[in-house]
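Undergrad: To be precise about what I am sending: the file is called data.cif and holds mmCIF, C-alpha atoms.
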```cif
data_data
#
loop_
_atom_site.label_atom_id
_atom_site.label_comp_id
_atom_site.auth_asym_id
_atom_site.auth_seq_id
_atom_site.Cartn_x
_atom_site.Cartn_y
_atom_site.Cartn_z
CA MET A 1 -57.98 -98.12 -45.71
CA ILE A 2 -59.96 -94.90 -45.58
CA SER A 3 -59.89 -92.20 -48.25
CA GLU A 4 -57.51 -89.28 -48.08
CA ARG A 5 -60.52 -86.98 -48.34
CA ILE A 6 -62.13 -88.27 -45.16
CA LYS A 7 -58.96 -88.29 -43.05
CA PRO A 8 -59.03 -84.56 -42.23
CA LEU A 9 -62.66 -84.90 -41.16
CA VAL A 10 -61.78 -87.77 -38.85
CA ALA A 11 -58.91 -85.77 -37.38
CA GLY A 12 -61.11 -82.71 -36.94
CA ASN A 13 -64.22 -84.51 -35.74
CA SER A 14 -66.85 -82.05 -34.50
CA VAL A 15 -65.82 -80.61 -31.16
CA ILE A 16 -69.52 -80.18 -30.36
CA ARG A 17 -70.27 -83.86 -30.86
CA ALA A 18 -67.10 -84.87 -29.07
CA MET A 19 -68.13 -82.81 -26.04
CA PHE A 20 -71.62 -84.28 -26.17
CA GLU A 21 -70.11 -87.77 -25.93
CA GLU A 22 -67.68 -86.62 -23.22
CA GLY A 23 -70.63 -85.27 -21.25
CA LYS A 24 -72.28 -88.68 -21.21
CA LYS A 25 -69.09 -90.26 -19.89
CA MET A 26 -68.72 -87.56 -17.24
CA ALA A 27 -72.31 -88.18 -16.14
CA GLU A 28 -71.55 -91.86 -15.63
CA GLU A 29 -68.46 -91.03 -13.59
CA ARG A 30 -69.71 -88.06 -11.52
CA GLY A 31 -73.47 -88.54 -11.60
CA ALA A 32 -75.75 -86.76 -14.04
CA GLU A 33 -76.71 -84.16 -11.42
CA ASN A 34 -73.07 -82.99 -11.29
CA VAL A 35 -72.64 -82.43 -15.03
CA PHE A 36 -73.93 -79.31 -16.81
CA ASP A 37 -73.84 -79.97 -20.52
CA PHE A 38 -74.20 -76.77 -22.55
CA SER A 39 -72.45 -78.20 -25.60
CA ILE A 40 -75.11 -79.21 -28.09
CA GLY A 41 -78.32 -77.63 -29.40
CA ASN A 42 -80.59 -80.48 -28.36
CA PRO A 43 -83.92 -78.90 -27.27
CA ASN A 44 -85.12 -79.86 -23.80
CA VAL A 45 -88.66 -78.70 -24.62
CA PRO A 46 -90.93 -81.60 -25.67
CA ALA A 47 -92.40 -81.58 -29.17
CA PRO A 48 -95.94 -80.17 -29.32
CA GLU A 49 -98.61 -82.71 -28.46
CA ALA A 50 -100.23 -81.98 -31.83
CA ILE A 51 -97.26 -83.62 -33.54
CA ASN A 52 -97.62 -86.79 -31.48
CA ARG A 53 -101.37 -86.81 -32.05
CA ALA A 54 -100.97 -86.34 -35.80
CA MET A 55 -98.50 -89.21 -36.04
CA LYS A 56 -100.85 -91.53 -34.12
CA GLU A 57 -103.82 -90.53 -36.28
CA ILE A 58 -101.80 -91.08 -39.45
CA LEU A 59 -100.69 -94.54 -38.32
CA ASP A 60 -104.22 -95.50 -37.29
CA GLY A 61 -106.15 -93.96 -40.16
CA GLU A 62 -104.03 -93.61 -43.29
CA ASP A 63 -103.27 -96.25 -45.89
CA PRO A 64 -100.16 -98.01 -44.52
CA VAL A 65 -98.77 -98.44 -48.03
CA LYS A 66 -98.80 -94.66 -48.41
CA VAL A 67 -97.52 -93.99 -44.90
CA HIS A 68 -94.51 -96.26 -45.23
CA GLY A 69 -93.92 -96.12 -48.98
CA TYR A 70 -92.04 -94.03 -51.47
CA MET A 71 -93.34 -90.72 -52.69
CA SER A 72 -91.98 -88.12 -55.09
CA ASN A 73 -88.36 -87.34 -54.24
CA ALA A 74 -89.54 -83.79 -53.53
CA GLY A 75 -91.98 -85.07 -50.90
CA PHE A 76 -95.73 -85.51 -50.46
CA PRO A 77 -97.59 -82.84 -52.47
CA GLU A 78 -99.97 -82.09 -49.61
CA THR A 79 -97.08 -81.50 -47.20
CA ARG A 80 -95.26 -79.22 -49.61
CA LYS A 81 -98.48 -77.28 -50.23
CA ALA A 82 -99.05 -76.91 -46.48
CA VAL A 83 -95.52 -75.53 -46.06
CA ALA A 84 -95.94 -73.12 -48.98
CA ASP A 85 -99.34 -71.94 -47.72
CA ASN A 86 -97.92 -71.29 -44.26
CA LEU A 87 -95.05 -69.22 -45.64
CA ASN A 88 -97.41 -67.24 -47.86
CA GLU A 89 -99.69 -66.44 -44.94
CA ARG A 90 -96.82 -65.32 -42.71
CA PHE A 91 -94.59 -63.48 -45.18
CA GLY A 92 -96.89 -62.33 -47.98
CA THR A 93 -95.19 -64.55 -50.56
CA ALA A 94 -96.75 -66.57 -53.40
CA PHE A 95 -95.06 -69.98 -53.21
CA THR A 96 -96.68 -73.21 -54.38
CA GLU A 97 -95.82 -76.83 -53.64
CA LYS A 98 -93.50 -76.70 -56.67
CA ASN A 99 -91.12 -74.39 -54.78
CA VAL A 100 -90.73 -76.75 -51.78
CA ILE A 101 -88.61 -79.91 -51.51
CA MET A 102 -88.85 -81.84 -48.25
CA THR A 103 -85.43 -82.85 -46.87
CA VAL A 104 -83.79 -84.72 -44.01
CA GLY A 105 -83.41 -81.60 -41.86
CA ALA A 106 -81.51 -78.39 -42.60
CA GLY A 107 -78.16 -80.15 -42.93
CA SER A 108 -79.54 -82.19 -45.80
CA ALA A 109 -81.22 -79.09 -47.24
CA LEU A 110 -77.91 -77.21 -47.36
CA ASN A 111 -76.17 -80.19 -48.90
CA VAL A 112 -78.87 -80.46 -51.56
CA LEU A 113 -78.51 -76.78 -52.41
CA LEU A 114 -74.71 -76.82 -52.48
CA LYS A 115 -74.61 -80.02 -54.52
CA THR A 116 -76.93 -78.36 -57.02
CA ILE A 117 -74.92 -75.16 -57.50
CA LEU A 118 -71.25 -75.94 -56.82
CA ASP A 119 -68.54 -77.05 -59.23
CA PRO A 120 -65.06 -77.94 -57.97
CA GLY A 121 -63.32 -74.68 -57.10
CA SER A 122 -66.54 -72.71 -56.66
CA GLU A 123 -66.32 -70.33 -53.71
CA VAL A 124 -68.84 -70.06 -50.89
CA ILE A 125 -68.67 -67.11 -48.50
CA VAL A 126 -69.53 -67.55 -44.82
CA PHE A 127 -69.59 -64.94 -42.05
CA ALA A 128 -67.51 -65.90 -39.02
CA PRO A 129 -68.21 -67.02 -36.43
CA TYR A 130 -70.28 -69.68 -38.17
CA PHE A 131 -71.71 -73.17 -37.75
CA VAL A 132 -68.79 -75.58 -37.81
CA GLU A 133 -70.31 -78.03 -40.32
CA TYR A 134 -70.40 -75.51 -43.18
CA ASP A 135 -66.80 -76.36 -44.05
CA SER A 136 -67.71 -80.02 -44.52
CA TYR A 137 -70.87 -79.27 -46.47
CA ILE A 138 -68.97 -77.02 -48.88
CA GLY A 139 -66.06 -79.44 -49.17
CA ASN A 140 -68.38 -82.32 -49.99
CA TYR A 141 -68.78 -80.88 -53.50
CA GLY A 142 -65.29 -79.53 -54.10
CA GLY A 143 -66.22 -76.02 -53.06
CA VAL A 144 -63.87 -73.56 -51.38
CA ARG A 145 -64.95 -71.83 -48.18
CA VAL A 146 -64.17 -68.11 -48.03
CA MET A 147 -64.49 -66.57 -44.57
CA VAL A 148 -65.52 -62.98 -43.85
CA GLN A 149 -64.91 -62.09 -40.21
CA THR A 150 -67.37 -60.13 -38.12
CA SER A 151 -66.43 -58.30 -34.92
CA GLU A 152 -67.72 -57.54 -31.46
CA GLU A 153 -67.34 -53.82 -32.17
CA LYS A 154 -69.90 -54.12 -35.00
CA GLY A 155 -72.23 -56.43 -33.07
CA PHE A 156 -71.03 -59.53 -34.96
CA LEU A 157 -72.98 -58.30 -38.00
CA PRO A 158 -71.75 -58.81 -41.57
CA ASP A 159 -70.06 -55.78 -43.09
CA GLY A 160 -70.88 -54.87 -46.67
CA LYS A 161 -67.42 -53.47 -47.42
CA ALA A 162 -65.76 -56.69 -46.27
CA LEU A 163 -68.20 -58.70 -48.38
CA VAL A 164 -67.37 -56.64 -51.49
CA LYS A 165 -63.69 -57.56 -51.08
CA ALA A 166 -64.48 -61.25 -50.63
CA VAL A 167 -66.69 -61.76 -53.69
CA THR A 168 -64.83 -62.94 -56.79
CA GLU A 169 -65.79 -64.34 -60.17
CA LYS A 170 -65.65 -67.79 -58.57
CA THR A 171 -68.20 -66.91 -55.88
CA ARG A 172 -71.26 -69.09 -56.28
CA ALA A 173 -72.99 -68.58 -52.94
CA VAL A 174 -73.08 -66.65 -49.67
CA VAL A 175 -74.46 -68.43 -46.61
CA ILE A 176 -76.52 -66.54 -44.02
CA ASN A 177 -77.55 -68.09 -40.69
CA ASN A 178 -80.17 -65.90 -39.00
CA PRO A 179 -80.66 -65.90 -36.02
CA ASN A 180 -77.03 -66.80 -35.79
CA ASN A 181 -75.39 -69.87 -34.34
CA PRO A 182 -73.18 -69.34 -32.31
CA THR A 183 -73.60 -65.65 -31.41
CA GLY A 184 -77.38 -65.44 -30.87
CA VAL A 185 -77.40 -62.23 -32.94
CA ILE A 186 -80.22 -61.43 -35.38
CA TYR A 187 -79.15 -59.81 -38.64
CA PRO A 188 -81.55 -56.85 -39.05
CA GLU A 189 -83.22 -55.67 -42.23
CA GLU A 190 -80.59 -53.02 -43.00
CA THR A 191 -77.83 -55.65 -42.88
CA ILE A 192 -79.78 -57.94 -45.22
CA MET A 193 -80.43 -55.06 -47.62
CA GLU A 194 -76.73 -54.19 -47.66
CA ILE A 195 -75.76 -57.79 -48.44
CA ALA A 196 -78.41 -57.99 -51.17
CA GLU A 197 -77.18 -54.80 -52.82
CA VAL A 198 -73.58 -56.04 -52.86
CA LEU A 199 -74.64 -59.32 -54.46
CA ARG A 200 -76.82 -57.65 -57.09
CA GLU A 201 -73.87 -55.46 -58.10
CA LYS A 202 -71.53 -58.45 -58.23
CA GLU A 203 -74.02 -60.51 -60.26
CA ALA A 204 -74.12 -57.70 -62.81
CA GLU A 205 -70.32 -57.42 -62.81
CA PHE A 206 -69.60 -61.12 -63.28
CA GLY A 207 -72.64 -62.04 -65.36
CA HIS A 208 -73.76 -65.07 -63.37
CA PRO A 209 -76.00 -65.69 -60.36
CA ILE A 210 -74.62 -65.59 -56.84
CA TYR A 211 -77.02 -67.37 -54.54
CA LEU A 212 -77.84 -66.20 -51.04
CA VAL A 213 -78.30 -69.45 -49.10
CA SER A 214 -80.45 -68.81 -46.05
CA ASP A 215 -79.87 -71.41 -43.32
CA GLU A 216 -82.93 -71.06 -41.09
CA PRO A 217 -83.24 -73.61 -38.28
CA TYR A 218 -83.73 -70.81 -35.71
CA ARG A 219 -86.04 -68.52 -37.68
CA GLU A 220 -88.88 -68.78 -35.14
CA LEU A 221 -86.64 -68.25 -32.11
CA ALA A 222 -86.51 -64.45 -31.88
CA TYR A 223 -86.84 -62.58 -28.59
CA GLY A 224 -88.33 -59.31 -27.44
CA GLY A 225 -90.65 -58.95 -30.42
CA ARG A 226 -87.73 -58.85 -32.86
CA GLN A 227 -88.41 -59.75 -36.48
CA VAL A 228 -86.19 -62.03 -38.55
CA PRO A 229 -86.15 -60.76 -42.16
CA PHE A 230 -87.43 -63.33 -44.67
CA LEU A 231 -84.69 -63.16 -47.26
CA THR A 232 -86.56 -64.02 -50.46
CA LYS A 233 -88.24 -60.61 -50.23
CA TYR A 234 -84.88 -58.79 -50.47
CA TYR A 235 -82.93 -60.71 -53.10
CA ASN A 236 -84.24 -62.77 -56.02
CA ASP A 237 -81.47 -65.37 -55.98
CA THR A 238 -82.22 -66.43 -52.42
CA VAL A 239 -82.69 -70.12 -51.63
CA VAL A 240 -83.67 -71.42 -48.21
CA GLY A 241 -82.77 -74.44 -46.09
CA TYR A 242 -85.14 -74.90 -43.15
CA SER A 243 -85.45 -77.36 -40.27
CA TYR A 244 -88.18 -78.16 -37.74
CA SER A 245 -85.53 -79.49 -35.34
CA LYS A 246 -85.43 -76.39 -33.16
CA SER A 247 -88.79 -74.71 -33.78
CA LEU A 248 -90.80 -77.86 -32.96
CA SER A 249 -88.18 -79.78 -30.92
CA LEU A 250 -87.78 -82.50 -33.54
CA PRO A 251 -84.00 -82.84 -34.01
CA GLY A 252 -84.09 -86.64 -34.16
CA GLU A 253 -86.86 -86.76 -36.74
CA ARG A 254 -84.64 -85.00 -39.29
CA ILE A 255 -87.27 -83.10 -41.22
CA GLY A 256 -86.88 -79.82 -43.09
CA TYR A 257 -87.16 -78.39 -46.57
CA VAL A 258 -85.49 -76.57 -49.42
CA LEU A 259 -87.29 -73.51 -50.78
CA ILE A 260 -86.48 -72.28 -54.30
CA PRO A 261 -88.50 -69.20 -55.34
CA ASP A 262 -89.69 -68.72 -58.90
CA GLU A 263 -87.71 -65.44 -58.96
CA SER A 264 -84.36 -67.23 -58.61
CA ASP A 265 -82.23 -67.69 -61.70
CA GLY A 266 -83.41 -70.62 -63.85
CA ALA A 267 -85.85 -71.65 -61.12
CA ASP A 268 -87.50 -74.55 -62.95
CA GLU A 269 -84.17 -76.14 -63.84
CA PHE A 270 -82.89 -75.43 -60.32
CA ILE A 271 -85.91 -77.14 -58.74
CA ASP A 272 -85.54 -80.21 -60.98
CA ALA A 273 -81.82 -80.43 -60.26
CA ALA A 274 -82.28 -80.00 -56.51
CA THR A 275 -84.92 -82.74 -56.48
CA ILE A 276 -82.44 -85.08 -58.16
CA ALA A 277 -79.70 -83.94 -55.75
CA ASN A 278 -82.05 -84.85 -52.88
CA ARG A 279 -82.34 -88.37 -54.28
CA VAL A 280 -78.72 -89.05 -55.20
CA SER A 281 -77.40 -87.67 -51.92
CA GLY A 282 -78.41 -91.04 -50.48
CA CYS A 283 -81.42 -89.76 -48.57
CA VAL A 284 -83.79 -90.54 -51.52
CA ASN A 285 -86.59 -88.65 -49.77
CA ALA A 286 -87.44 -87.24 -46.36
CA PRO A 287 -89.01 -89.76 -43.93
CA SER A 288 -92.65 -90.34 -44.81
CA LEU A 289 -94.38 -90.40 -41.42
CA ILE A 290 -92.95 -87.12 -40.14
CA GLN A 291 -93.56 -85.54 -43.56
CA LEU A 292 -97.26 -86.36 -43.27
CA ALA A 293 -97.34 -85.08 -39.68
CA ILE A 294 -95.75 -81.78 -40.72
CA GLY A 295 -98.37 -81.53 -43.45
CA ARG A 296 -101.02 -81.51 -40.73
CA CYS A 297 -99.05 -79.28 -38.36
CA ALA A 298 -97.33 -76.76 -40.64
CA ASP A 299 -99.01 -73.88 -38.78
CA LEU A 300 -97.68 -74.91 -35.37
CA THR A 301 -95.39 -72.52 -33.55
CA CYS A 302 -93.12 -73.14 -30.61
CA ASP A 303 -93.35 -71.55 -27.19
CA ILE A 304 -90.27 -69.34 -27.32
CA SER A 305 -90.88 -68.06 -23.80
CA TYR A 306 -89.06 -71.10 -22.39
CA TYR A 307 -85.89 -70.27 -24.32
CA GLU A 308 -86.25 -66.56 -23.69
CA ASP A 309 -86.52 -67.16 -19.94
CA ASN A 310 -83.49 -69.45 -20.05
CA ALA A 311 -81.59 -66.77 -21.98
CA LYS A 312 -82.42 -64.15 -19.36
CA LEU A 313 -81.46 -66.45 -16.49
CA ILE A 314 -78.05 -67.47 -17.80
CA TYR A 315 -77.17 -64.08 -19.31
CA GLU A 316 -77.95 -62.19 -16.10
CA GLY A 317 -76.36 -64.91 -13.98
CA LEU A 318 -73.06 -64.88 -15.85
CA THR A 319 -72.80 -61.12 -16.30
CA ALA A 320 -73.41 -60.71 -12.56
CA LEU A 321 -70.38 -62.95 -12.03
CA GLY A 322 -68.28 -60.67 -14.22
CA PHE A 323 -68.35 -62.59 -17.49
CA SER A 324 -68.70 -60.57 -20.70
CA CYS A 325 -71.54 -61.99 -22.82
CA VAL A 326 -73.41 -61.04 -26.00
CA LYS A 327 -77.04 -60.58 -25.01
CA PRO A 328 -79.05 -63.19 -26.95
CA GLN A 329 -81.51 -61.86 -29.51
CA GLY A 330 -82.53 -65.24 -30.89
CA ALA A 331 -81.63 -68.93 -31.31
CA PHE A 332 -80.57 -70.50 -27.99
CA TYR A 333 -76.87 -69.78 -27.62
CA LEU A 334 -74.89 -67.49 -25.37
CA TRP A 335 -71.61 -66.14 -26.79
CA VAL A 336 -69.23 -65.53 -23.89
CA LYS A 337 -65.80 -63.88 -23.96
CA ALA A 338 -63.16 -66.18 -22.52
CA PRO A 339 -61.30 -64.52 -19.62
CA GLY A 340 -57.69 -64.17 -20.68
CA GLY A 341 -58.62 -64.74 -24.33
CA ASP A 342 -57.86 -68.47 -24.50
CA ASP A 343 -61.20 -70.17 -25.24
CA LYS A 344 -59.77 -73.70 -25.17
CA ALA A 345 -58.12 -73.19 -21.78
CA PHE A 346 -61.31 -71.64 -20.44
CA SER A 347 -63.40 -74.58 -21.67
CA GLN A 348 -60.93 -77.01 -20.15
CA ALA A 349 -61.00 -75.21 -16.80
CA ALA A 350 -64.81 -75.35 -16.80
CA LYS A 351 -64.78 -79.15 -16.97
CA LYS A 352 -63.39 -79.28 -13.43
CA TYR A 353 -66.75 -77.93 -12.32
CA GLY A 354 -68.75 -80.24 -14.57
CA ILE A 355 -69.46 -77.47 -17.08
CA LEU A 356 -69.29 -78.32 -20.78
CA MET A 357 -69.19 -75.51 -23.34
CA VAL A 358 -67.72 -75.30 -26.83
CA PRO A 359 -64.59 -73.25 -27.60
CA GLY A 360 -65.27 -70.46 -30.07
CA THR A 361 -62.30 -71.60 -32.14
CA SER A 362 -64.59 -74.36 -33.41
CA PHE A 363 -66.78 -71.65 -34.97
CA ALA A 364 -63.88 -69.52 -36.26
CA GLY A 365 -64.49 -67.26 -33.27
CA PRO A 366 -61.41 -67.60 -31.05
CA GLY A 367 -61.48 -65.91 -27.68
CA TYR A 368 -65.12 -66.85 -27.00
CA VAL A 369 -67.10 -69.90 -25.97
CA ARG A 370 -70.60 -70.98 -26.92
CA ILE A 371 -73.11 -72.03 -24.27
CA SER A 372 -76.23 -73.80 -25.49
CA TYR A 373 -79.03 -72.98 -23.03
CA CYS A 374 -81.80 -75.13 -24.53
CA VAL A 375 -81.54 -77.22 -21.36
CA ALA A 376 -83.76 -77.78 -18.36
CA ARG A 377 -84.19 -74.64 -16.26
CA GLU A 378 -82.87 -76.55 -13.25
CA THR A 379 -79.63 -77.28 -15.10
CA ILE A 380 -78.91 -73.54 -15.38
CA GLU A 381 -79.94 -72.91 -11.77
CA ARG A 382 -77.67 -75.66 -10.45
CA ALA A 383 -74.82 -74.65 -12.76
CA LEU A 384 -74.62 -71.01 -11.65
CA PRO A 385 -72.85 -71.79 -8.35
CA GLU A 386 -70.30 -73.81 -10.33
CA PHE A 387 -69.85 -70.90 -12.74
CA LYS A 388 -69.16 -68.77 -9.66
CA LYS A 389 -66.33 -71.13 -8.67
CA LEU A 390 -65.04 -71.01 -12.23
CA ALA A 391 -65.11 -67.19 -12.21
CA GLU A 392 -63.12 -67.12 -8.99
CA GLU A 393 -60.47 -69.29 -10.65
CA VAL A 394 -60.11 -67.61 -14.04
CA MET A 395 -60.76 -63.92 -13.39
#
```
What would the structure in this file look like if it were written as structure tokens?
TA:
Amino acid sequence: MISERIKPLVAGNSVIRAMFEEGKKMAEERGAENVFDFSIGNPNVPAPEAINRAMKEILDGEDPVKVHGYMSNAGFPETRKAVADNLNERFGTAFTEKNVIMTVGAGSALNVLLKTILDPGSEVIVFAPYFVEYDSYIGNYGGVRVMVQTSEEKGFLPDGKALVKAVTEKTRAVVINNPNNPTGVIYPEETIMEIAEVLREKEAEFGHPIYLVSDEPYRELAYGGRQVPFLTKYYNDTVVGYSYSKSLSLPGERIGYVLIPDESDGADEFIDAATIANRVSGCVNAPSLIQLAIGRCADLTCDISYYEDNAKLIYEGLTALGFSCVKPQGAFYLWVKAPGGDDKAFSQAAKKYGILMVPGTSFAGPGYVRISYCVARETIERALPEFKKLAEEVM
């Protein structure tokens, strides 16, 4: 007997994960060389050697009781300080270790933040298309997801006027994902400033904080010299969930952090509550070994040229075939308009050619599909002839 609350989640199991599993079965049946899996954001770039070296040095040289033992639920002080120092150097902020809580990736970070601020019935605004798991994260704590649609005509950027209409007295948070999954769009400074102004006005109107939750697993993946605005500089009640999964190719290590600035409403109480939320969520604390490694490697950056080259290859390849695509600005996703407008039918047709991509309906973006190009370069090169066959069928 399973709970009534979990049944809808079972019925609506993540299409992304389902496709990932389907891809493995297809590889067994057809041969891995005949399957082109663009479904999941699983980086093909190896983690930096410095991470591996740090982990080996920690295991060989540190006190094993410390390495494998409990620490503060917020994480090792030296790791949190290293994270804060890195942010201060890059963004001109003044964080200390107090402002940082190490978490089990960005998913855990968002859950910690939402658990801390939501009561049953609290509303959380998201901009569609959006990462599919937000609905579950919000629902975990009795929150209500409120969707604000973006459009191709406006570059899939949030619109301040639409946000004004969506905010109510029950609004407790607005979630921003920048660079955006699934569109690959970067929300520029003027968009962030517009959102911040709306929220300041609504905070004054309703007399309570409305938090801007910045979901930042792709912050370092910005192309062509573009800058990703660091949101705490624009709006006091900003809180951040970060992950090293994409920036350092560590998705399986599940390491990230929550950042709560001193400027946010009731910051000290918020930090204490979030630290407890981190513990009672079942994670207790972020894994110790990778925490210590991040403490030594907080200044590492990824080589975004690999993803940028992949983006160029697949964008130019598909547009040359006649597909309409949003040119990627960041992250590692290509947002493609489904010929005929039926994203599910288009995704199904692609499977005949061994191509796996995710229908945009899964991201509240019907009529499009998402292609994750954080794959081996050869995968894209070998897939393009199959995309040509697909184009001949559907266009």
Undergrad: Tell me which of A:Met357, A:Ala106, A:Leu59, A:Ala222 sits closest to Pro328 (chain A), counting all atoms listed in the file.
TA: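 Among the listed residues, A:Ala222 lies closest to Pro328 (chain A).
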Undergrad: CA of Tyr257 (chain A) to CA of Ala109 (chain A): how many Å, to one decimal?
TA: 6.0 Å
Undergrad: Between A:Gly367, A:Pro251, A:Gly92, A:Gly330, single out the one closest to Ala345 (chain A), counting all atoms listed in the file.
TA: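 Nearest to Ala345 (chain A): A:Gly367.
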Undergrad: Check the smallest atom-to-atom distance from each of A:His208, A:Ala273, A:Phe387, A:Gly340 to Lys352 (chain A) using all atoms listed in the file, then report the winner.
TA: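 Of A:His208, A:Ala273, A:Phe387, A:Gly340, the one nearest Lys352 (chain A), counting all atoms listed in the file, is A:Phe387.
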Undergrad: Running the PyMOL selection byres ((chain A and resi 31-43) around 8) on this model by hand, what would come out? Give it as a PyMOL selection string.
TA: chain A and resi 16-17+19-20+23+26-30+44-46+246+249+251+332+353-358+370-375+379-380+383
Undergrad: So, counting all atoms listed in the file, which residue among A:Thr238, A:Lys154, A:Gly121, A:Gln227 is closest to Ile176 (chain A)?
TA: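 The shortest atom-to-atom distance to Ile176 (chain A) comes from A:Thr238.
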Undergrad: Any chance you could resolve the PyMOL selection byres ((chain A and resi 284) around 10) against this file and give the residues as a ChimeraX atom specification?
TA: /A:70-75,103-104,275-283,285-287
Undergrad: Would you kindly return, as a PDB file with C-alpha atoms, in the coordinates of the input, each protein, DNA or RNA residue with an atom no farther than 7 Å from any atom of Pro129 (chain A), considering only C-alpha atoms and excluding same-chain residues fewer than 2 positions away?
TA:
```pdb
ATOM      1  CA  PHE A 127     -69.590 -64.940 -42.050  1.00  0.00           C
ATOM      2  CA  PRO A 182     -73.180 -69.340 -32.310  1.00  0.00           C
ATOM      3  CA  PHE A 363     -66.780 -71.650 -34.970  1.00  0.00           C
ATOM      4  CA  ALA A 364     -63.880 -69.520 -36.260  1.00  0.00           C
ATOM      5  CA  GLY A 365     -64.490 -67.260 -33.270  1.00  0.00           C
TER       6      GLY A 365
END
```
Undergrad: Show me the residues around (-59.7, -77.9, -23.3) - criterion: an atom at most 12 Å away, all atoms listed in the file counted - as a list in words.
TA: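 Output of the proximity query reads Val15, Ala18, Met19, Glu22, Asp342, Asp343, Lys344, Ala345, Phe346, Ser347, Gln348, Ala349, Ala350, Lys351, Lys352, Ile355, Leu356, Met357, Val358, Pro359, Gly360, Thr361, Ser362 and Val369 of chain A.
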Undergrad: Given the file shown, determine the residues that the PyMOL selection byres ((chain A and resi 202) around 12) selects; report them as a list in words.
TA: Leu163, Val164, Lys165, Ala166, Val167, Thr168, Glu169, Lys170, Thr171, Arg172, Ala173, Val174, Ile195, Ala196, Glu197, Val198, Leu199, Arg200, Glu201, Glu203, Ala204, Glu205, Phe206, Gly207, His208, Pro209, Ile210 and Tyr211 of chain A
Undergrad: Which residue out of A:Ala274, A:Met147, A:Leu110, A:Leu321 has the minimum interatomic distance to Glu392 (chain A) when all atoms listed in the file are used?
TA: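 For Glu392 (chain A), the nearest of the given residues is A:Leu321.
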Undergrad: Report, in Å with one decimal, the straight-line distance from CA of Ala320 (chain A) to CA of Ala128 (chain A).
TA: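 So the two atoms, CA of Ala320 (chain A) and CA of Ala128 (chain A), lie 27.6 Å apart.
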Undergrad: Taking N, CA, C and O atoms as the atom set, what does region 173-183 of chain A look like once completed, written as a PDB file, in the frame of the given file?
TA:
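And here is the file that came out, out34.pdb:
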```
ATOM      1  N   ALA A 173     -71.976 -68.704 -53.983  1.00  0.00           N
ATOM      2  CA  ALA A 173     -72.990 -68.580 -52.940  1.00  0.00           C
ATOM      3  C   ALA A 173     -72.442 -67.853 -51.726  1.00  0.00           C
ATOM      4  O   ALA A 173     -71.227 -67.841 -51.477  1.00  0.00           O
ATOM      5  N   VAL A 174     -73.351 -67.247 -50.982  1.00  0.00           N
ATOM      6  CA  VAL A 174     -73.080 -66.650 -49.670  1.00  0.00           C
ATOM      7  C   VAL A 174     -74.087 -67.273 -48.704  1.00  0.00           C
ATOM      8  O   VAL A 174     -75.287 -67.304 -48.989  1.00  0.00           O
ATOM      9  N   VAL A 175     -73.587 -67.775 -47.582  1.00  0.00           N
ATOM     10  CA  VAL A 175     -74.460 -68.430 -46.610  1.00  0.00           C
ATOM     11  C   VAL A 175     -74.763 -67.475 -45.460  1.00  0.00           C
ATOM     12  O   VAL A 175     -73.853 -66.873 -44.876  1.00  0.00           O
ATOM     13  N   ILE A 176     -76.044 -67.347 -45.150  1.00  0.00           N
ATOM     14  CA  ILE A 176     -76.520 -66.540 -44.020  1.00  0.00           C
ATOM     15  C   ILE A 176     -77.221 -67.465 -43.031  1.00  0.00           C
ATOM     16  O   ILE A 176     -78.050 -68.288 -43.417  1.00  0.00           O
ATOM     17  N   ASN A 177     -76.890 -67.329 -41.754  1.00  0.00           N
ATOM     18  CA  ASN A 177     -77.550 -68.090 -40.690  1.00  0.00           C
ATOM     19  C   ASN A 177     -78.153 -67.080 -39.717  1.00  0.00           C
ATOM     20  O   ASN A 177     -77.435 -66.398 -38.996  1.00  0.00           O
ATOM     21  N   ASN A 178     -79.486 -66.980 -39.725  1.00  0.00           N
ATOM     22  CA  ASN A 178     -80.170 -65.900 -39.000  1.00  0.00           C
ATOM     23  C   ASN A 178     -81.475 -66.404 -38.402  1.00  0.00           C
ATOM     24  O   ASN A 178     -82.328 -66.875 -39.153  1.00  0.00           O
ATOM     25  N   PRO A 179     -81.621 -66.296 -37.045  1.00  0.00           N
ATOM     26  CA  PRO A 179     -80.660 -65.900 -36.020  1.00  0.00           C
ATOM     27  C   PRO A 179     -79.398 -66.768 -36.062  1.00  0.00           C
ATOM     28  O   PRO A 179     -79.450 -67.916 -36.482  1.00  0.00           O
ATOM     29  N   ASN A 180     -78.335 -66.204 -35.557  1.00  0.00           N
ATOM     30  CA  ASN A 180     -77.030 -66.800 -35.790  1.00  0.00           C
ATOM     31  C   ASN A 180     -76.623 -67.788 -34.710  1.00  0.00           C
ATOM     32  O   ASN A 180     -76.759 -67.542 -33.518  1.00  0.00           O
ATOM     33  N   ASN A 181     -76.105 -68.898 -35.162  1.00  0.00           N
ATOM     34  CA  ASN A 181     -75.390 -69.870 -34.340  1.00  0.00           C
ATOM     35  C   ASN A 181     -73.910 -69.689 -34.693  1.00  0.00           C
ATOM     36  O   ASN A 181     -73.534 -69.898 -35.847  1.00  0.00           O
ATOM     37  N   PRO A 182     -73.066 -69.211 -33.757  1.00  0.00           N
ATOM     38  CA  PRO A 182     -73.180 -69.340 -32.310  1.00  0.00           C
ATOM     39  C   PRO A 182     -73.484 -68.054 -31.534  1.00  0.00           C
ATOM     40  O   PRO A 182     -73.584 -68.116 -30.306  1.00  0.00           O
ATOM     41  N   THR A 183     -73.605 -66.896 -32.174  1.00  0.00           N
ATOM     42  CA  THR A 183     -73.600 -65.650 -31.410  1.00  0.00           C
ATOM     43  C   THR A 183     -74.950 -65.288 -30.794  1.00  0.00           C
ATOM     44  O   THR A 183     -75.012 -64.477 -29.866  1.00  0.00           O
TER      45      THR A 183
END
```
